[in-house]
$ cat model-v3.txt   # compact mmCIF, C-alpha atoms and all ligand atoms
# COMPACT_ATOMS: atom_id res chain seq x y z
CA MET A 217 71.60 134.78 16.17
CA ARG A 218 73.93 136.07 18.90
CA VAL A 219 77.58 135.05 18.45
CA ASP A 220 79.68 135.01 21.64
CA PRO A 221 83.02 136.83 21.36
CA SER A 222 85.94 134.46 20.92
CA ILE A 223 87.82 136.28 23.70
CA LEU A 224 86.09 137.25 26.94
CA VAL A 225 87.59 140.26 28.70
CA ASP A 226 86.88 140.56 32.42
CA ARG A 227 88.41 143.68 34.02
CA ARG A 228 89.11 143.33 37.73
CA GLU A 229 90.72 145.61 40.31
CA GLY A 230 94.22 146.11 38.87
CA TRP A 231 94.22 143.13 36.49
CA VAL A 232 92.33 141.57 33.62
CA ALA A 233 91.20 138.02 32.86
CA LEU A 234 91.23 137.02 29.18
CA THR A 235 89.34 133.83 28.37
CA LEU A 236 89.71 131.92 25.10
CA ASN A 237 86.08 131.32 24.26
CA ARG A 238 85.42 128.75 21.53
CA PRO A 239 84.65 125.84 23.87
CA ASP A 240 82.97 123.70 21.16
CA ARG A 241 86.38 123.52 19.45
CA LEU A 242 88.37 123.30 22.70
CA ASN A 243 89.22 126.99 22.12
CA ALA A 244 91.17 126.29 18.93
CA PHE A 245 92.39 129.48 17.28
CA ASN A 246 90.85 131.04 14.21
CA THR A 247 91.67 134.43 12.70
CA ASP A 248 89.02 136.24 14.72
CA MET A 249 90.31 134.85 18.01
CA HIS A 250 93.87 135.90 17.13
CA ALA A 251 92.72 139.44 16.30
CA ARG A 252 90.66 139.79 19.49
CA LEU A 253 93.41 138.41 21.71
CA ALA A 254 95.96 140.79 20.14
CA GLU A 255 93.56 143.68 20.76
CA ALA A 256 92.98 142.65 24.38
CA LEU A 257 96.72 142.24 25.08
CA ASP A 258 97.46 145.64 23.51
CA ALA A 259 94.72 147.19 25.64
CA ALA A 260 96.23 145.60 28.77
CA ALA A 261 99.68 146.89 27.75
CA SER A 262 98.53 150.48 27.39
CA ASP A 263 96.23 150.56 30.44
CA GLU A 264 98.32 151.83 33.37
CA SER A 265 95.75 150.63 35.88
CA CYS A 266 96.14 147.03 34.60
CA ARG A 267 99.11 145.44 36.40
CA ALA A 268 98.63 141.74 35.62
CA VAL A 269 96.96 139.53 33.02
CA LEU A 270 95.34 136.12 33.48
CA LEU A 271 94.88 133.90 30.41
CA THR A 272 92.56 130.89 30.60
CA GLY A 273 90.07 128.90 28.54
CA ALA A 274 86.30 128.42 28.61
CA GLY A 275 84.80 124.96 29.00
CA ARG A 276 86.73 121.69 29.38
CA GLY A 277 89.85 122.63 27.41
CA PHE A 278 92.45 125.39 27.51
CA CYS A 279 93.30 125.48 23.80
CA ALA A 280 93.66 122.88 21.02
CA GLY A 281 95.97 125.05 18.91
CA GLN A 282 95.04 125.96 15.36
CA ASP A 283 91.44 125.34 14.29
CA LEU A 284 92.08 122.61 11.75
CA SER A 285 88.71 123.10 10.06
CA ASP A 286 90.27 126.27 8.61
CA ARG A 287 93.11 124.22 7.16
CA MET A 288 91.22 121.72 4.98
CA GLN A 289 92.99 122.04 1.66
CA SER A 290 90.74 122.51 -1.32
CA ASP A 291 92.94 124.89 -3.36
CA GLY A 292 96.39 123.52 -2.63
CA PRO A 293 98.58 123.88 0.46
CA VAL A 294 98.14 126.79 2.86
CA ASP A 295 101.34 128.79 3.47
CA LEU A 296 101.81 127.98 7.17
CA GLY A 297 104.95 130.11 7.31
CA ALA A 298 102.77 133.07 6.45
CA THR A 299 100.11 132.18 9.03
CA LEU A 300 102.75 131.86 11.76
CA GLU A 301 104.26 135.18 10.74
CA ALA A 302 100.85 136.87 10.80
CA THR A 303 99.32 135.34 13.94
CA TYR A 304 101.14 132.93 16.29
CA ASN A 305 104.55 134.61 16.22
CA PRO A 306 103.16 138.08 17.03
CA LEU A 307 101.07 136.50 19.83
CA ILE A 308 104.11 134.89 21.48
CA ARG A 309 106.10 138.11 21.08
CA ARG A 310 103.23 140.13 22.61
CA ILE A 311 103.07 137.87 25.67
CA ARG A 312 106.85 137.92 26.20
CA ALA A 313 107.15 141.67 25.61
CA LEU A 314 104.19 142.68 27.82
CA ARG A 315 105.62 144.70 30.70
CA LYS A 316 103.23 143.03 33.15
CA PRO A 317 103.13 139.48 34.48
CA VAL A 318 100.99 137.03 32.52
CA VAL A 319 99.51 134.15 34.52
CA CYS A 320 98.18 131.20 32.52
CA ALA A 321 95.52 129.01 34.12
CA VAL A 322 95.43 125.86 32.02
CA ASN A 323 91.95 124.56 32.78
CA GLY A 324 92.09 121.47 30.53
CA VAL A 325 93.89 120.04 27.53
CA ALA A 326 96.50 122.31 25.92
CA ALA A 327 97.51 120.95 22.52
CA GLY A 328 99.69 122.17 19.66
CA ALA A 329 100.12 125.92 19.74
CA GLY A 330 97.77 125.90 22.75
CA ALA A 331 100.46 124.23 24.87
CA ASN A 332 103.23 126.51 23.67
CA ILE A 333 101.18 129.67 24.22
CA ALA A 334 100.84 128.55 27.84
CA PHE A 335 104.63 128.01 28.11
CA ALA A 336 105.23 131.56 26.82
CA CYS A 337 103.40 132.96 29.85
CA ASP A 338 105.27 134.00 33.00
CA ILE A 339 103.57 131.77 35.57
CA VAL A 340 101.66 128.67 34.48
CA VAL A 341 99.28 126.83 36.78
CA ALA A 342 97.18 123.91 35.57
CA ALA A 343 94.20 121.90 36.68
CA ARG A 344 95.31 118.46 37.85
CA SER A 345 93.27 116.94 34.99
CA ALA A 346 94.95 119.08 32.32
CA ARG A 347 97.26 117.57 29.69
CA PHE A 348 99.93 119.18 27.51
CA ILE A 349 100.36 117.72 24.03
CA GLN A 350 102.85 118.62 21.31
CA ALA A 351 100.21 117.46 18.83
CA PHE A 352 101.99 118.85 15.76
CA VAL A 353 103.71 115.58 14.76
CA LYS A 354 100.32 113.83 14.57
CA ILE A 355 99.51 116.00 11.55
CA GLY A 356 103.02 116.18 10.12
CA LEU A 357 103.99 119.57 11.57
CA VAL A 358 106.83 120.99 13.64
CA PRO A 359 106.21 122.46 17.14
CA ASP A 360 105.67 126.18 16.69
CA SER A 361 104.70 129.19 18.82
CA GLY A 362 108.09 128.89 20.52
CA GLY A 363 107.80 125.18 21.34
CA THR A 364 111.30 124.33 20.10
CA PHE A 365 112.63 127.26 22.17
CA PHE A 366 110.71 126.81 25.43
CA LEU A 367 110.65 123.01 25.71
CA PRO A 368 114.40 122.22 25.72
CA ARG A 369 115.05 125.14 28.05
CA LEU A 370 112.33 124.09 30.47
CA ILE A 371 112.78 120.31 30.51
CA GLY A 372 115.98 119.52 28.60
CA ASP A 373 116.68 118.26 25.12
CA ALA A 374 115.88 114.56 25.65
CA ARG A 375 112.36 115.13 26.96
CA ALA A 376 111.70 117.98 24.54
CA ARG A 377 112.65 115.97 21.46
CA THR A 378 110.71 112.94 22.57
CA LEU A 379 107.55 114.92 23.31
CA ALA A 380 107.86 116.65 19.94
CA MET A 381 108.45 113.42 18.02
CA LEU A 382 105.88 111.22 19.79
CA GLY A 383 103.19 113.80 20.55
CA GLU A 384 102.43 112.01 23.82
CA PRO A 385 100.41 113.85 26.49
CA VAL A 386 102.05 115.06 29.71
CA GLY A 387 99.73 115.38 32.70
CA ALA A 388 99.74 118.50 34.88
CA GLU A 389 101.48 116.83 37.82
CA GLN A 390 104.22 115.43 35.60
CA ALA A 391 104.55 118.84 33.94
CA ALA A 392 105.03 120.45 37.36
CA ALA A 393 107.52 117.75 38.45
CA TRP A 394 109.54 118.36 35.26
CA GLY A 395 109.51 122.16 35.70
CA LEU A 396 107.37 122.73 32.61
CA ILE A 397 104.82 124.67 34.69
CA TRP A 398 104.68 126.24 38.17
CA LYS A 399 102.14 123.88 39.74
CA ALA A 400 99.16 121.58 39.40
CA ILE A 401 96.06 122.54 41.35
CA ASP A 402 92.87 120.62 42.11
CA ASP A 403 90.42 121.32 39.28
CA ASP A 404 87.81 122.95 41.49
CA ARG A 405 90.43 125.29 43.02
CA LEU A 406 92.25 126.29 39.83
CA ARG A 407 90.36 129.45 38.96
CA ALA A 408 90.22 130.78 42.52
CA GLU A 409 93.96 130.24 42.98
CA ALA A 410 94.81 131.73 39.59
CA ASP A 411 92.61 134.77 40.32
CA ALA A 412 94.32 135.21 43.70
CA LEU A 413 97.74 135.02 42.03
CA ALA A 414 96.81 137.67 39.45
CA ALA A 415 95.28 139.88 42.16
CA HIS A 416 98.45 139.55 44.25
CA LEU A 417 100.70 140.41 41.29
CA ALA A 418 98.54 143.48 40.62
CA THR A 419 99.64 144.92 44.00
CA GLN A 420 103.35 144.26 43.41
CA PRO A 421 106.10 146.51 41.94
CA THR A 422 104.95 146.25 38.32
CA GLU A 423 107.95 148.02 36.82
CA GLY A 424 110.30 145.81 38.85
CA ILE A 425 108.44 142.75 37.55
CA ALA A 426 108.73 144.09 33.99
CA LEU A 427 112.50 144.35 34.50
CA ILE A 428 112.61 140.78 35.90
CA LYS A 429 110.76 139.65 32.79
CA GLU A 430 113.24 141.52 30.57
CA ALA A 431 116.15 139.80 32.35
CA PHE A 432 114.70 136.30 31.96
CA ASN A 433 113.66 136.90 28.34
CA ALA A 434 117.24 137.84 27.50
CA SER A 435 118.91 135.16 29.64
CA ALA A 436 118.45 132.25 27.22
CA GLY A 437 120.62 133.82 24.53
CA ASN A 438 123.21 135.56 26.73
CA THR A 439 126.61 134.64 28.12
CA LEU A 440 127.11 135.08 31.88
CA ASP A 441 129.12 138.25 31.23
CA THR A 442 126.40 139.79 29.10
CA GLN A 443 123.74 138.79 31.60
CA LEU A 444 125.71 140.33 34.48
CA ASP A 445 125.92 143.57 32.50
CA LEU A 446 122.21 143.42 31.80
CA GLU A 447 121.40 142.81 35.50
CA ARG A 448 123.51 145.85 36.37
CA ASP A 449 121.56 148.03 33.93
CA LEU A 450 118.14 146.69 34.95
CA GLN A 451 118.97 147.03 38.65
CA GLN A 452 119.99 150.62 38.02
CA ARG A 453 116.53 151.26 36.59
CA ALA A 454 114.79 149.30 39.37
CA GLY A 455 116.72 151.29 41.98
CA ARG A 456 115.29 154.52 40.60
CA THR A 457 111.65 153.50 41.02
CA SER A 458 109.51 154.85 43.82
CA ASP A 459 108.50 151.23 44.52
CA TYR A 460 112.08 150.39 45.49
CA ALA A 461 112.15 153.38 47.88
CA GLU A 462 108.77 152.30 49.27
CA GLY A 463 109.90 148.66 49.60
CA VAL A 464 112.96 149.63 51.65
CA ARG A 465 110.95 152.11 53.77
CA ALA A 466 108.23 149.55 54.45
CA PHE A 467 110.81 146.92 55.43
CA MET A 468 112.50 149.30 57.88
CA GLU A 469 109.13 150.36 59.33
CA LYS A 470 108.01 146.70 59.57
CA ARG A 471 104.85 147.27 57.53
CA VAL A 472 103.37 146.00 54.24
CA PRO A 473 104.61 148.08 51.27
CA ARG A 474 102.18 150.07 49.15
CA PHE A 475 103.54 149.73 45.61
CA THR A 476 102.27 151.97 42.81
CA GLY A 477 103.78 149.87 40.02
CA ARG A 478 105.06 152.98 38.26
CA SER A 479 108.40 153.23 36.45
CA SER A 480 109.65 156.31 38.32
O1 LIG B 1 97.90 126.30 10.75
C1 LIG B 1 98.71 127.11 11.04
O2 LIG B 1 98.51 128.34 10.93
C2 LIG B 1 100.04 126.65 11.59
C3 LIG B 1 99.97 126.65 13.07
C4 LIG B 1 99.67 125.53 13.72
C5 LIG B 1 99.51 125.53 15.19
C6 LIG B 1 98.88 124.28 15.72
O3 LIG B 1 98.38 124.35 16.82
S1 LIG B 1 98.91 122.85 14.79
C7 LIG B 1 98.15 121.67 15.90
C8 LIG B 1 96.64 121.76 15.84
N1 LIG B 1 96.00 121.04 16.93
C9 LIG B 1 95.89 119.74 16.95
O4 LIG B 1 96.37 119.01 16.10
C10 LIG B 1 95.08 119.16 18.08
C11 LIG B 1 93.82 118.54 17.54
N2 LIG B 1 92.97 118.08 18.63
C12 LIG B 1 93.20 116.94 19.27
O5 LIG B 1 94.14 116.22 19.04
C13 LIG B 1 92.19 116.56 20.32
O6 LIG B 1 91.02 117.27 20.09
C14 LIG B 1 92.68 116.86 21.76
C15 LIG B 1 93.81 115.87 22.11
C16 LIG B 1 93.18 118.29 21.90
C17 LIG B 1 91.51 116.65 22.75
O7 LIG B 1 90.95 115.38 22.53
P1 LIG B 1 89.53 115.04 23.18
O8 LIG B 1 89.27 113.61 22.86
O9 LIG B 1 89.51 115.48 24.59
O10 LIG B 1 88.48 115.99 22.41
P2 LIG B 1 87.93 115.84 20.92
O11 LIG B 1 86.70 115.01 20.92
O12 LIG B 1 89.01 115.42 19.99
O13 LIG B 1 87.57 117.37 20.57
C18 LIG B 1 86.37 117.97 21.02
C19 LIG B 1 85.83 118.79 19.88
O14 LIG B 1 86.77 119.83 19.57
C20 LIG B 1 85.66 117.95 18.60
O15 LIG B 1 84.58 118.49 17.88
P3 LIG B 1 83.17 117.64 17.80
O16 LIG B 1 83.50 116.30 17.27
O17 LIG B 1 82.68 117.59 19.24
O18 LIG B 1 82.32 118.48 16.91
C21 LIG B 1 86.95 118.25 17.87
O19 LIG B 1 86.82 118.10 16.47
C22 LIG B 1 87.15 119.73 18.22
N3 LIG B 1 88.56 120.09 18.08
C23 LIG B 1 89.56 119.74 18.91
N4 LIG B 1 90.70 120.25 18.47
C24 LIG B 1 90.41 120.94 17.35
C25 LIG B 1 89.04 120.83 17.10
N5 LIG B 1 88.46 121.41 16.04
C26 LIG B 1 89.25 122.10 15.19
N6 LIG B 1 90.58 122.24 15.38
C27 LIG B 1 91.20 121.69 16.44
N7 LIG B 1 92.51 121.87 16.63
$ encode --input "model-v3.txt" --output "structure tokens" --more "lines below"
Ligand code: T3D
Amino acid sequence: MRVDPSILVDRREGWVALTLNRPDRLNAFNTDMHARLAEALDAAASDESCRAVLLTGAGRGFCAGQDLSDRMQSDGPVDLGATLEATYNPLIRRIRALRKPVVCAVNGVAAGAGANIAFACDIVVAARSARFIQAFVKIGLVPDSGGTFFLPRLIGDARARTLAMLGEPVGAEQAAAWGLIWKAIDDDRLRAEADALAAHLATQPTEGIALIKEAFNASAGNTLDTQLDLERDLQQRAGRTSDYAEGVRAFMEKRVPRFTGRSS
């Protein structure tokens, strides 16, 4: 019997699409899917020709979080601290640390860790029919995969706490109106628009975008003074890239810039 890989890797011109591929379980995570996604993200990180990543799901859902069929307790409680440490936490850190933009195309329901993995990405677009659910409370758990970090920062404490405590779904349009995601897109246009976004990012100043990402990653924990110092240091690095020189030249010559994405 042929078993489909739990992550589909589709290499395009300058970017890669990674598809969570366990549609019968709404792409819920098991150990194999974690390992394959980690491998694919590491490959994207080390491939200089890859300048953007698109993450999406196969079938009618984006991701239903942890596969709960792996958590039926026959021999006493599973150590969920250990599973977070081994799988979800490294995944969120990988996405945030990747020196390339990560676009998330939420094609359907995103529940539990599935929602928070989406929020860890740089630009999140969602099908109008998609829903985001902090499903953890329904099974007695705490939002993980960065949920308690991203949610209050994106939508404020009142909404974040209520979503976490009630586990109520938020539709894509509401999510966009609240600033939880970039935008909601008609279902039949989602993939084409997400592909176009990734393809566009793949032609942009990749190192500059990596520095933007570094600045925003640090911003949440910094004072204004520290952030101003960080912006100074990152701008110094950005100003030394050939893409900056090309950007200025292209502007002065009134033409479209040809960015290489390189760090020097
Ligand atoms: O464990 C650790 O390591 C700690 C980390 C935890 C991270 C977490 O993510 S904990 C939260 C886990 N996720 C959930 O609690 C969500 C569970 N799923 C749902 O609540 C619902 O499925 C949805 C609201 C996401 C979607 O509902 P609906 O009605 O559209 O679909 P459905 O019929 O419930 O699901 C379709 C199928 O997918 C169904 O299988 P079947 O009956 O057709 O054979 C369902 O059992 C399966 N499925 C959905 N979510 C999961 C799942 N199977 C295993 N695990 C799931 N999480």
$ closest_residue --input "model-v3.txt" --among "A:Arg309, A:Arg347, A:Lys399, A:Lys470" --to "ligand LIG 1 (chain B)" --atoms "only C-alpha atoms and all ligand atoms"
A:Arg347
$ residues_near_ligand --input "model-v3.txt" --ligand "ligand LIG 1 (chain B)" --cutoff "6 Å" --atoms "all atoms listed in the file" --output "ChimeraX atom specification"
/A:240-242,244,280-285,296,299-300,325,327-329,351-352
$ atom_distance --input "model-v3.txt" --atom1 "atom CA of A:Leu253" --atom2 "atom CA of A:Ala302"
13.3 Å
$ residues_around --input "model-v3.txt" --residues "A:Glu255" --least-positions-apart "3" --cutoff "12 Å" --atoms "all atoms listed in the file" --output "PyMOL selection string"
chain A and resi 222-225+234+248-252+258-262+306-307+310
$ closest_residue --input "model-v3.txt" --among "A:Asp449, A:Phe365, A:Trp398, A:Ala410" --to "A:Gly437" --atoms "all atoms listed in the file"
A:Phe365
$ closest_atom_pairs --input "model-v3.txt" --of "stretch 304-344 of chain A" --to "stretch 404-409 of chain A" --cutoff "8 Å" --atoms "only C-alpha atoms" --output "JSON lines"
{"residue": "A:Ala321", "atom": "CA", "partner": "A:Arg407", "partner_atom": "CA", "distance": 7.1}
{"residue": "A:Asn323", "atom": "CA", "partner": "A:Leu406", "partner_atom": "CA", "distance": 7.3}
{"residue": "A:Val341", "atom": "CA", "partner": "A:Leu406", "partner_atom": "CA", "distance": 7.7}
{"residue": "A:Ala342", "atom": "CA", "partner": "A:Leu406", "partner_atom": "CA", "distance": 6.9}
{"residue": "A:Ala343", "atom": "CA", "partner": "A:Leu406", "partner_atom": "CA", "distance": 5.7}
$ atom_distance --input "model-v3.txt" --atom1 "atom CA of A:Asp286" --atom2 "atom CA of A:Asp226"
28.0 Å
$ residues_around --input "model-v3.txt" --residues "stretch 366-377 of chain A" --least-positions-apart "2" --cutoff "8 Å" --atoms "only C-alpha atoms" --output "PyMOL selection string"
chain A and resi 332+335-336+362-364+379-381+394-396+436
$ axis_aligned_box --input "model-v3.txt" --around "stretch 450-461 of chain A" --padding-each-side "8 Å" --output "JSON"
{"center_x": 114.2, "center_y": 150.8, "center_z": 41.4, "size_x": 27.5, "size_y": 24.2, "size_z": 28.9}
$ atom_distance --input "model-v3.txt" --atom1 "atom CA of A:Ile308" --atom2 "atom CA of A:Ile355"
21.8 Å
$ residues_around --input "model-v3.txt" --residues "A:Arg453" --least-positions-apart "2" --cutoff "9 Å" --atoms "only C-alpha atoms" --output "ChimeraX atom specification"
/A:424,427,448-451,455-457,479-480
$ residues_near_point --input "model-v3.txt" --point "(119.2, 138.7, 29.5)" --cutoff "10 Å" --atoms "only C-alpha atoms" --output "PyMOL selection string"
chain A and resi 428-440+442-447+450
$ residues_around --input "model-v3.txt" --residues "A:Ser345" --least-positions-apart "6" --cutoff "12 Å" --atoms "only C-alpha atoms" --output "list in words"
Arg276, Gly277, Phe278, Val322, Asn323, Gly324, Val325, Ala326, Pro385, Val386, Gly387, Ala388, Glu389, Gln390, Ala391, Ala400, Ile401, Asp402, Asp403, Asp404, Arg405 and Leu406 of chain A
$ closest_atom_pairs --input "model-v3.txt" --of "stretch 350-438 of chain A" --to "stretch 266-275 of chain A" --cutoff "7 Å" --atoms "all atoms listed in the file" --output "Markdown table"
| residue | atom | partner | partner_atom | distance |
| --- | --- | --- | --- | --- |
| A:Ala414 | CA | A:Ala268 | CA | 5.9 |
| A:Leu417 | CA | A:Ala268 | CA | 6.2 |
| A:Ala418 | CA | A:Arg267 | CA | 4.7 |
| A:Thr422 | CA | A:Arg267 | CA | 6.2 |
$ residues_around --input "model-v3.txt" --residues "A:Thr419" --least-positions-apart "3" --cutoff "7 Å" --atoms "all atoms listed in the file" --output "number ranges by chain"
A: 415-416, 475
$ closest_residue --input "model-v3.txt" --among "A:Asn237, A:Gln452, A:Ser361, A:Thr303" --to "A:Ala254" --atoms "all atoms listed in the file"
A:Thr303
